[in-house]
Structures are given as C-alpha cells and as structure tokens.
Amino acid sequence: MLSTTVSAWLARKKIHYGWVVVVTTFLTMLATAGAMGSAGVLIQPLHQEFGWDIADISFAMAVRLVLFGLLGPFAAAFMTHFGVRRVVCSALLLIMSGIVLSFFMQEVWQLVLLWGVVIGTGTGMTALVLGATVATRWFSKRRGLVIGLMTASNATGQLVFLPLLAALSEAYGWRTALTFITGVLALAMVLVMLLMRDHPADLGLPAYGDTQPSPVPRRNQAFLTTLVSPLKTLREVSGQPVFWLLFGTFFVCGLSTNGLIQTHWISICGDFGMTAVTAAGTLAVIGVFDFLGTIGAGWLSDRFDNRWLLFWFYGLRGLSLLYLSISGFGFTELSVFAIFYGLDWVATVPPTVKLTADSFGREKAPLVFGWIFTGHQLGAATAAFGAGWLRSDYESYMPALQMAGLMCILAALAVVMLRRPATAVPAGA
C-alpha cells in the first residue's frame, strides 16, 4: 500500500507518519467544512429562485446543524467499530450525493431532507470528533497543537471557501458553486483512500511521543453494542457537573459562531447594502485570523490552565459581538470585528478537548467530546433558526447579535467554576 511505502520513506527522514494522517485529515475536514459553510451562500439565492421564506430555509439549515452535532458521539463509535477510513469515505459519498440531488429541488421539504438530513448526517461523521479521534490515537505529545490544527481546518474551511462560492453563485448560479465543492470533496476522498490509516500500530508504529506501539484494539463487540455505547457513555458522565458545564459553554460556542455568523453573515451584511461577494470576503478575513487564533489556542492549551483560556476566549468573543451590534458596518468597524472575532472564532475547541481528556480519560474522551460537541451544534441550530426568525419578525439581526454576545459573557463567567482536573497534562506534553 502507498501508506506503507510513505511510512518507510518518512522513517528514514525521522518524520512520524502521524503527520501524514494529520495533513490528510486536515484537508478532508477543510473540504467537508466548505460543504457545511456553503449553506450561507444558499439563503438568498433560494429565497429569490423559489420564493421560500428565510425562516423556512433557516429551519432546514438548523436541522443540518442538529444532525451535525448529534452524529458526533456515534461517529466516534463507528470509527472504533468500522475504522476511520471507511467511515470518512462513506460520509464523503453521502455529502456529495446530497449536494448533487439538491440541484433538482422544487419544494422546501426537499431542502430539509437533502441539506438538513443527508448533508447534516454526512458532515456530522467528519466533524470535530474526527479530529479529536485522530489526535488521541496518533499523538501522545503535541496533542493540543494537533487539535488546534484540526479545529482550524474545520472552522476555516467553512469561511475561506465562501468568497469563491459567492462569486460563482453570483456569476453562474448556486448550482455551479456547489459543483465546485463536490469536486473538492471527491479529491479529499481519493486522499483518504490512499493515505489514511486507522491506528499507528497498523504500520507498526507507536503514537507520536510514545516509545512502543500500542496493539490495535480488537473489534470484539457487535454492531448493536457499538450503537449503544455512546448512550452508555452519556449515562455514565451525565451525573458529573463538569460534563454539563462543558456541554453548556460549548452550546454557547456554537450559538455564537456556526449558527449565527456562519449561517447568516451574508444576509446580515445584505441588510446594510453589502453584496454577497463582499460579505463573504469579510468572512474569509475572519477565517484567516481564525486559523492563526485556533492554532495558537492549541499551543497555549498545552502550556496553560485551560479554564482561564476559555474564560478569556468566551469573554472576548462576547465583547466583539456586542461591539459589532452597536458600532455599525463601516469598513473600520468591520475590520476591527473581523480581527478580534476571527482570532477567537473557535479558539475554545482545543481547551475544551483538553479539559475533556483530562477529566474523563484518553480512551473515553472521543465519545464524551462527541456529546459535548452535540451541545455545540444544538446551540448552532438554535441561532440558525432563531436569528432567521428574529430577522423575519423584527426586520433586524441586531437583537440576535446582542443576545449571542451576552451569552458568551455568561459562558466566560461559568467556566471559571470548573475545578482543575487532577489528571491535567503537564506543560509541554
């Protein structure tokens, strides 16, 4: 296999194959995140072509976000049972099928089915849980940095594709824009098939930072047991306050990012006379600073108390949203917002993953984080639908921005209630 040849060549260069897996996962999550983020380009074109109400379109996007989150714990279980490569390839095929079939939509229920259910399920199988699984399996050291890279890929992919997609949609129609995304997804699937491996031991390697390979876990449980295992994990951790605090703060994270800004940003800016391409360009700037901020958050999470990192990240995000709601949408105001909000777009993810692993253990961490990520997407769905409803009812997105900002401030205050985990990883680990 190509992966074996590449691993042998890298070994001679003293480079761990885990970094190839990281790059492959990074590009895959970038592609699926681009598909996820393309929904923001669809709202106005679908409204204009079919006459569908923005609240109805927002409902379909909210269903997508709910499934994107709910599939997280089960995605971790499926990866354990079937293997990462098989699950990711199946998910990519599902996303591509949903996009292609959506070219022929005529009714709003078809939008809910294809973009809500089909694409929501496919993207949910390749969400942040994929990055957390790869990081915990392949890395004992520098795990925070790897999680930061994966998070940056997921979040940045939802933003950096938007200017191109908006330009293609404006010039040639939304179907052409989605055709481009389908091609990117197909390329990602080829990379996964050629280079992805499930465990370091598949290549006779230890995890990065370990000295001896860990044996590949035996698949000694039935599929039904695999399906039930996330529910058993939820029952085990649901009695622990730390789980609900991380779940609740991550709910606010999704509410104030994916659900509000990613889904509605182009429409928000359209209320102030900005074209879709210009608004998407602002999101791309946010994406660039997000890439820097999230990788930086991963580096910081290996070295500092993650509770206080979350305090600052949520607090500064809340202040940036409140600032935008009262400052106006001029060039200077948007530039300040793009920089500060972008640096903090999903900087909360690496500290949250680290706190999850420290609190619940390395083996259980992917499943527990899957449930915490469900909170994130429930928050995103709440904002995706709620902001659309507020816009339809009050003809303004400003109340949604202000509510999200205040929720972030509350999350910042809540997170300091966490106790420092007794199993916290030492600095530099």
# chains A, B, ... in the order shown; residues from 1 in each chain; ligands from 1
$ residues_around --residues "A:Gly386" --least-positions-apart "3" --cutoff "9 Å" --atoms "only C-alpha atoms" --output "list in words"
Ala55, Ser58, Gly259, Leu260, Ala381, Thr382, Ala383, Trp389, Leu390, Arg391 and Ala400 of chain A
$ residues_around --residues "A:Trp19" --least-positions-apart "5" --cutoff "12 Å" --atoms "only C-alpha atoms" --output "short mmCIF file (atom, residue, chain, number, x, y, z; two decimals) with all heavy atoms, in the first residue's frame"
data_model
loop_
_atom_site.label_atom_id
_atom_site.label_comp_id
_atom_site.auth_asym_id
_atom_site.auth_seq_id
_atom_site.Cartn_x
_atom_site.Cartn_y
_atom_site.Cartn_z
N VAL A 6 5.13 5.22 2.00
CA VAL A 6 5.35 6.57 2.52
C VAL A 6 5.89 6.52 3.95
O VAL A 6 6.81 7.25 4.32
CB VAL A 6 4.06 7.40 2.46
CG1 VAL A 6 4.24 8.74 3.16
CG2 VAL A 6 3.63 7.61 1.02
N SER A 7 5.35 5.61 4.77
CA SER A 7 5.80 5.47 6.16
C SER A 7 7.27 5.08 6.23
O SER A 7 8.03 5.63 7.04
CB SER A 7 4.94 4.44 6.88
OG SER A 7 5.41 4.22 8.19
N LEU A 10 9.39 8.11 5.23
CA LEU A 10 9.40 9.10 6.30
C LEU A 10 10.26 8.65 7.48
O LEU A 10 10.92 9.48 8.12
CB LEU A 10 7.97 9.38 6.77
CG LEU A 10 7.06 10.15 5.81
CD1 LEU A 10 5.65 10.22 6.36
CD2 LEU A 10 7.60 11.55 5.54
N ALA A 11 10.25 7.34 7.75
CA ALA A 11 11.05 6.82 8.86
C ALA A 11 12.53 7.11 8.62
O ALA A 11 13.28 7.43 9.56
CB ALA A 11 10.82 5.33 9.03
N LYS A 14 13.18 10.45 9.61
CA LYS A 14 12.84 10.67 11.02
C LYS A 14 11.61 11.58 11.18
O LYS A 14 11.58 12.46 12.03
CB LYS A 14 14.04 11.24 11.78
CG LYS A 14 15.24 10.30 11.81
CD LYS A 14 16.38 10.86 12.64
CE LYS A 14 17.54 9.86 12.69
NZ LYS A 14 18.68 10.36 13.50
N THR A 24 -3.80 14.67 5.92
CA THR A 24 -4.95 14.08 5.22
C THR A 24 -6.26 14.45 5.91
O THR A 24 -7.24 14.83 5.25
CB THR A 24 -4.80 12.55 5.16
OG1 THR A 24 -3.56 12.22 4.54
CG2 THR A 24 -5.94 11.92 4.39
N THR A 25 -6.27 14.34 7.23
CA THR A 25 -7.47 14.69 7.98
C THR A 25 -7.76 16.18 7.87
O THR A 25 -8.92 16.60 7.73
CB THR A 25 -7.31 14.31 9.46
OG1 THR A 25 -6.92 12.93 9.55
CG2 THR A 25 -8.59 14.51 10.24
N PHE A 26 -6.72 16.99 7.94
CA PHE A 26 -6.86 18.45 7.81
C PHE A 26 -7.55 18.80 6.49
O PHE A 26 -8.52 19.58 6.46
CB PHE A 26 -5.47 19.09 7.87
CG PHE A 26 -5.47 20.59 7.76
CD1 PHE A 26 -5.46 21.39 8.89
CD2 PHE A 26 -5.45 21.21 6.51
CE1 PHE A 26 -5.45 22.78 8.78
CE2 PHE A 26 -5.44 22.59 6.40
CZ PHE A 26 -5.44 23.37 7.54
N VAL A 134 -8.37 11.29 15.70
CA VAL A 134 -7.03 11.18 15.11
C VAL A 134 -5.97 11.68 16.09
O VAL A 134 -4.92 11.06 16.27
CB VAL A 134 -6.97 11.98 13.79
CG1 VAL A 134 -5.52 12.14 13.32
CG2 VAL A 134 -7.79 11.28 12.71
N ALA A 135 -6.26 12.80 16.76
CA ALA A 135 -5.27 13.36 17.69
C ALA A 135 -5.01 12.43 18.86
O ALA A 135 -3.84 12.23 19.26
CB ALA A 135 -5.77 14.72 18.20
N TRP A 138 -3.14 9.02 17.47
CA TRP A 138 -1.83 9.12 16.83
C TRP A 138 -0.82 9.95 17.62
O TRP A 138 0.38 9.91 17.31
CB TRP A 138 -1.98 9.71 15.43
CG TRP A 138 -2.51 8.72 14.44
CD1 TRP A 138 -3.82 8.41 14.20
CD2 TRP A 138 -1.75 7.89 13.56
NE1 TRP A 138 -3.92 7.45 13.23
CE2 TRP A 138 -2.67 7.11 12.81
CE3 TRP A 138 -0.39 7.74 13.32
CZ2 TRP A 138 -2.26 6.18 11.85
CZ3 TRP A 138 0.03 6.83 12.35
CH2 TRP A 138 -0.89 6.05 11.64
N PHE A 139 -1.27 10.70 18.64
CA PHE A 139 -0.36 11.60 19.34
C PHE A 139 -0.52 11.50 20.85
O PHE A 139 -1.62 11.62 21.38
CB PHE A 139 -0.61 13.06 18.90
CG PHE A 139 -0.18 13.33 17.49
CD1 PHE A 139 -1.01 13.00 16.42
CD2 PHE A 139 1.06 13.87 17.23
CE1 PHE A 139 -0.61 13.22 15.12
CE2 PHE A 139 1.48 14.11 15.92
CZ PHE A 139 0.64 13.77 14.86
N ARG A 142 2.13 16.80 21.90
CA ARG A 142 1.67 17.81 20.94
C ARG A 142 0.22 17.60 20.52
O ARG A 142 -0.18 18.02 19.43
CB ARG A 142 2.59 17.84 19.71
CG ARG A 142 4.04 18.07 20.05
CD ARG A 142 4.26 19.42 20.70
NE ARG A 142 5.63 19.58 21.17
CZ ARG A 142 5.96 19.84 22.42
NH1 ARG A 142 4.99 19.96 23.35
NH2 ARG A 142 7.21 20.00 22.78
N ARG A 143 -0.56 16.96 21.37
CA ARG A 143 -1.96 16.71 21.03
C ARG A 143 -2.75 18.01 20.93
O ARG A 143 -3.62 18.17 20.08
CB ARG A 143 -2.59 15.78 22.07
CG ARG A 143 -3.92 15.20 21.62
CD ARG A 143 -4.51 14.31 22.69
NE ARG A 143 -3.61 13.22 23.01
CZ ARG A 143 -3.61 12.57 24.18
NH1 ARG A 143 -4.46 12.94 25.12
NH2 ARG A 143 -2.78 11.59 24.38
N LEU A 145 -1.65 20.92 19.98
CA LEU A 145 -1.33 21.56 18.71
C LEU A 145 -2.08 20.90 17.57
O LEU A 145 -2.63 21.58 16.68
CB LEU A 145 0.18 21.50 18.46
CG LEU A 145 0.67 22.04 17.12
CD1 LEU A 145 0.33 23.52 16.99
CD2 LEU A 145 2.17 21.81 16.96
N VAL A 146 -2.13 19.57 17.58
CA VAL A 146 -2.83 18.84 16.52
C VAL A 146 -4.32 19.16 16.54
O VAL A 146 -4.92 19.40 15.48
CB VAL A 146 -2.59 17.31 16.67
CG1 VAL A 146 -3.47 16.54 15.69
CG2 VAL A 146 -1.12 16.98 16.43
N LEU A 149 -4.85 22.45 14.97
CA LEU A 149 -4.80 22.39 13.51
C LEU A 149 -6.11 21.86 12.93
O LEU A 149 -6.64 22.40 11.96
CB LEU A 149 -3.64 21.49 13.07
CG LEU A 149 -2.23 22.08 13.15
CD1 LEU A 149 -1.20 20.97 13.03
CD2 LEU A 149 -2.03 23.12 12.06
N MET A 150 -6.62 20.78 13.54
CA MET A 150 -7.87 20.19 13.05
C MET A 150 -9.03 21.16 13.21
O MET A 150 -9.88 21.29 12.30
CB MET A 150 -8.19 18.90 13.83
CG MET A 150 -7.13 17.84 13.75
SD MET A 150 -6.84 17.27 12.07
CE MET A 150 -5.77 15.88 12.40
N LEU A 195 -4.07 7.37 1.79
CA LEU A 195 -3.12 7.70 2.85
C LEU A 195 -3.63 7.47 4.28
O LEU A 195 -2.82 7.37 5.20
CB LEU A 195 -2.68 9.16 2.72
CG LEU A 195 -1.94 9.52 1.43
CD1 LEU A 195 -1.70 11.02 1.35
CD2 LEU A 195 -0.62 8.77 1.33
N MET A 196 -4.93 7.43 4.50
CA MET A 196 -5.45 7.31 5.86
C MET A 196 -5.26 5.90 6.40
O MET A 196 -5.51 4.93 5.70
CB MET A 196 -6.93 7.69 5.90
CG MET A 196 -7.57 7.59 7.28
SD MET A 196 -6.89 8.81 8.43
CE MET A 196 -7.71 10.30 7.85
N ARG A 197 -4.79 5.79 7.63
CA ARG A 197 -4.75 4.52 8.35
C ARG A 197 -5.42 4.73 9.69
O ARG A 197 -5.42 5.83 10.25
CB ARG A 197 -3.30 4.03 8.56
CG ARG A 197 -2.55 3.75 7.26
CD ARG A 197 -3.25 2.72 6.39
NE ARG A 197 -3.31 1.40 6.99
CZ ARG A 197 -2.40 0.44 6.79
NH1 ARG A 197 -1.37 0.66 5.99
NH2 ARG A 197 -2.54 -0.74 7.36
N PRO A 200 -1.74 3.83 14.57
CA PRO A 200 -0.30 3.74 14.33
C PRO A 200 0.19 2.30 14.23
O PRO A 200 1.09 2.00 13.43
CB PRO A 200 0.30 4.45 15.56
CG PRO A 200 -0.78 5.33 16.07
CD PRO A 200 -2.07 4.63 15.75
N ALA A 207 2.43 5.67 18.84
CA ALA A 207 1.90 7.02 18.71
C ALA A 207 3.04 8.03 18.88
O ALA A 207 4.05 7.74 19.53
CB ALA A 207 0.81 7.26 19.76
N TYR A 208 2.88 9.18 18.29
CA TYR A 208 3.91 10.21 18.41
C TYR A 208 4.11 10.56 19.89
O TYR A 208 3.17 10.92 20.58
CB TYR A 208 3.50 11.46 17.63
CG TYR A 208 4.52 12.57 17.66
CD1 TYR A 208 5.52 12.64 16.70
CD2 TYR A 208 4.47 13.57 18.62
CE1 TYR A 208 6.46 13.65 16.72
CE2 TYR A 208 5.40 14.59 18.66
CZ TYR A 208 6.39 14.63 17.70
OH TYR A 208 7.32 15.65 17.72
#
$ residues_around --residues "A:Asn306" --least-positions-apart "6" --cutoff "9 Å" --atoms "only C-alpha atoms" --output "list in words"
Leu300, Pro350, Pro351, Thr352, Lys354, Leu355 and Arg420 of chain A
$ atom_distance --atom1 "atom CA of A:Leu27" --atom2 "atom CA of A:Ala188"
6.7 Å
$ select_by_dssp --residues "stretch 123-218 of chain A" --states "helix (DSSP H, G or I)" --output "ChimeraX atom specification"
/A:123-124,128-138,143-160,162-172,174-195,200-203
$ atom_distance --atom1 "atom CA of A:Leu334" --atom2 "atom CA of A:Ala166"
18.8 Å
$ closest_residue --among "A:Ala33, A:Leu310, A:Ser169, A:Gly122" --to "A:Gly298" --atoms "only C-alpha atoms"
A:Leu310
$ closest_atom_pairs --of "stretch 98-206 of chain A" --to "stretch 83-87 of chain A" --cutoff "9 Å" --atoms "only C-alpha atoms" --output "Markdown table"
| residue | atom | partner | partner_atom | distance |
| --- | --- | --- | --- | --- |
| A:Met125 | CA | A:Val87 | CA | 7.3 |
| A:Thr126 | CA | A:Val87 | CA | 8.4 |
| A:Leu130 | CA | A:Val84 | CA | 8.0 |
| A:Thr133 | CA | A:Val84 | CA | 8.7 |
| A:Val134 | CA | A:Val84 | CA | 8.5 |
| A:Val192 | CA | A:Arg85 | CA | 6.4 |
| A:Met193 | CA | A:Arg85 | CA | 6.8 |
| A:Met196 | CA | A:Arg85 | CA | 6.0 |
| A:Arg197 | CA | A:Arg85 | CA | 6.6 |
| A:Asp198 | CA | A:Val84 | CA | 5.4 |
| A:His199 | CA | A:Gly83 | CA | 8.8 |
$ write_last_selection --atoms "N, CA, C and O atoms" --output "JSON list (two decimals), in the first residue's frame"
[["chain", "number", "residue", "atom", "x", "y", "z"],
["A", 125, "MET", "N", -20.44, 13.09, 10.46],
["A", 125, "MET", "CA", -19.50, 11.98, 10.58],
["A", 125, "MET", "C", -18.05, 12.42, 10.38],
["A", 125, "MET", "O", -17.12, 11.66, 10.65],
["A", 126, "THR", "N", -17.84, 13.63, 9.87],
["A", 126, "THR", "CA", -16.47, 14.12, 9.63],
["A", 126, "THR", "C", -16.22, 15.43, 10.36],
["A", 126, "THR", "O", -15.42, 16.25, 9.92],
["A", 130, "LEU", "N", -13.82, 13.67, 14.41],
["A", 130, "LEU", "CA", -12.78, 13.03, 13.59],
["A", 130, "LEU", "C", -11.40, 13.55, 13.98],
["A", 130, "LEU", "O", -10.47, 12.77, 14.18],
["A", 133, "THR", "N", -10.44, 12.20, 17.40],
["A", 133, "THR", "CA", -10.09, 10.78, 17.33],
["A", 133, "THR", "C", -8.69, 10.59, 16.79],
["A", 133, "THR", "O", -7.88, 9.82, 17.34],
["A", 134, "VAL", "N", -8.37, 11.29, 15.70],
["A", 134, "VAL", "CA", -7.03, 11.18, 15.11],
["A", 134, "VAL", "C", -5.97, 11.68, 16.09],
["A", 134, "VAL", "O", -4.92, 11.06, 16.27],
["A", 192, "VAL", "N", -7.99, 10.22, 1.25],
["A", 192, "VAL", "CA", -8.31, 9.35, 2.38],
["A", 192, "VAL", "C", -8.08, 7.88, 2.02],
["A", 192, "VAL", "O", -7.49, 7.11, 2.78],
["A", 193, "MET", "N", -8.52, 7.47, 0.85],
["A", 193, "MET", "CA", -8.36, 6.09, 0.43],
["A", 193, "MET", "C", -6.89, 5.70, 0.30],
["A", 193, "MET", "O", -6.50, 4.57, 0.60],
["A", 196, "MET", "N", -4.93, 7.43, 4.50],
["A", 196, "MET", "CA", -5.45, 7.31, 5.86],
["A", 196, "MET", "C", -5.26, 5.90, 6.40],
["A", 196, "MET", "O", -5.51, 4.93, 5.70],
["A", 197, "ARG", "N", -4.79, 5.79, 7.63],
["A", 197, "ARG", "CA", -4.75, 4.52, 8.35],
["A", 197, "ARG", "C", -5.42, 4.73, 9.69],
["A", 197, "ARG", "O", -5.42, 5.83, 10.25],
["A", 198, "ASP", "N", -5.98, 3.64, 10.24],
["A", 198, "ASP", "CA", -6.81, 3.76, 11.44],
["A", 198, "ASP", "C", -6.00, 3.93, 12.72],
["A", 198, "ASP", "O", -6.38, 4.70, 13.61],
["A", 199, "HIS", "N", -4.89, 3.20, 12.85],
["A", 199, "HIS", "CA", -4.08, 3.22, 14.06],
["A", 199, "HIS", "C", -2.59, 3.24, 13.71],
["A", 199, "HIS", "O", -2.20, 2.69, 12.67]]
$ residues_around --residues "A:Val112" --least-positions-apart "2" --cutoff "12 Å" --atoms "only C-alpha atoms" --output "list in words"
Asp56, Ile57, Ser58, Phe59, Ala60, Met61, Ala62, Val63, Arg64, Leu65, Leu67, Gly98, Ser102, Met105, Gln106, Glu107, Val108, Trp109, Gln110, Leu114, Trp115, Gly116, Val117, Val118, Ile119 and Gly120 of chain A
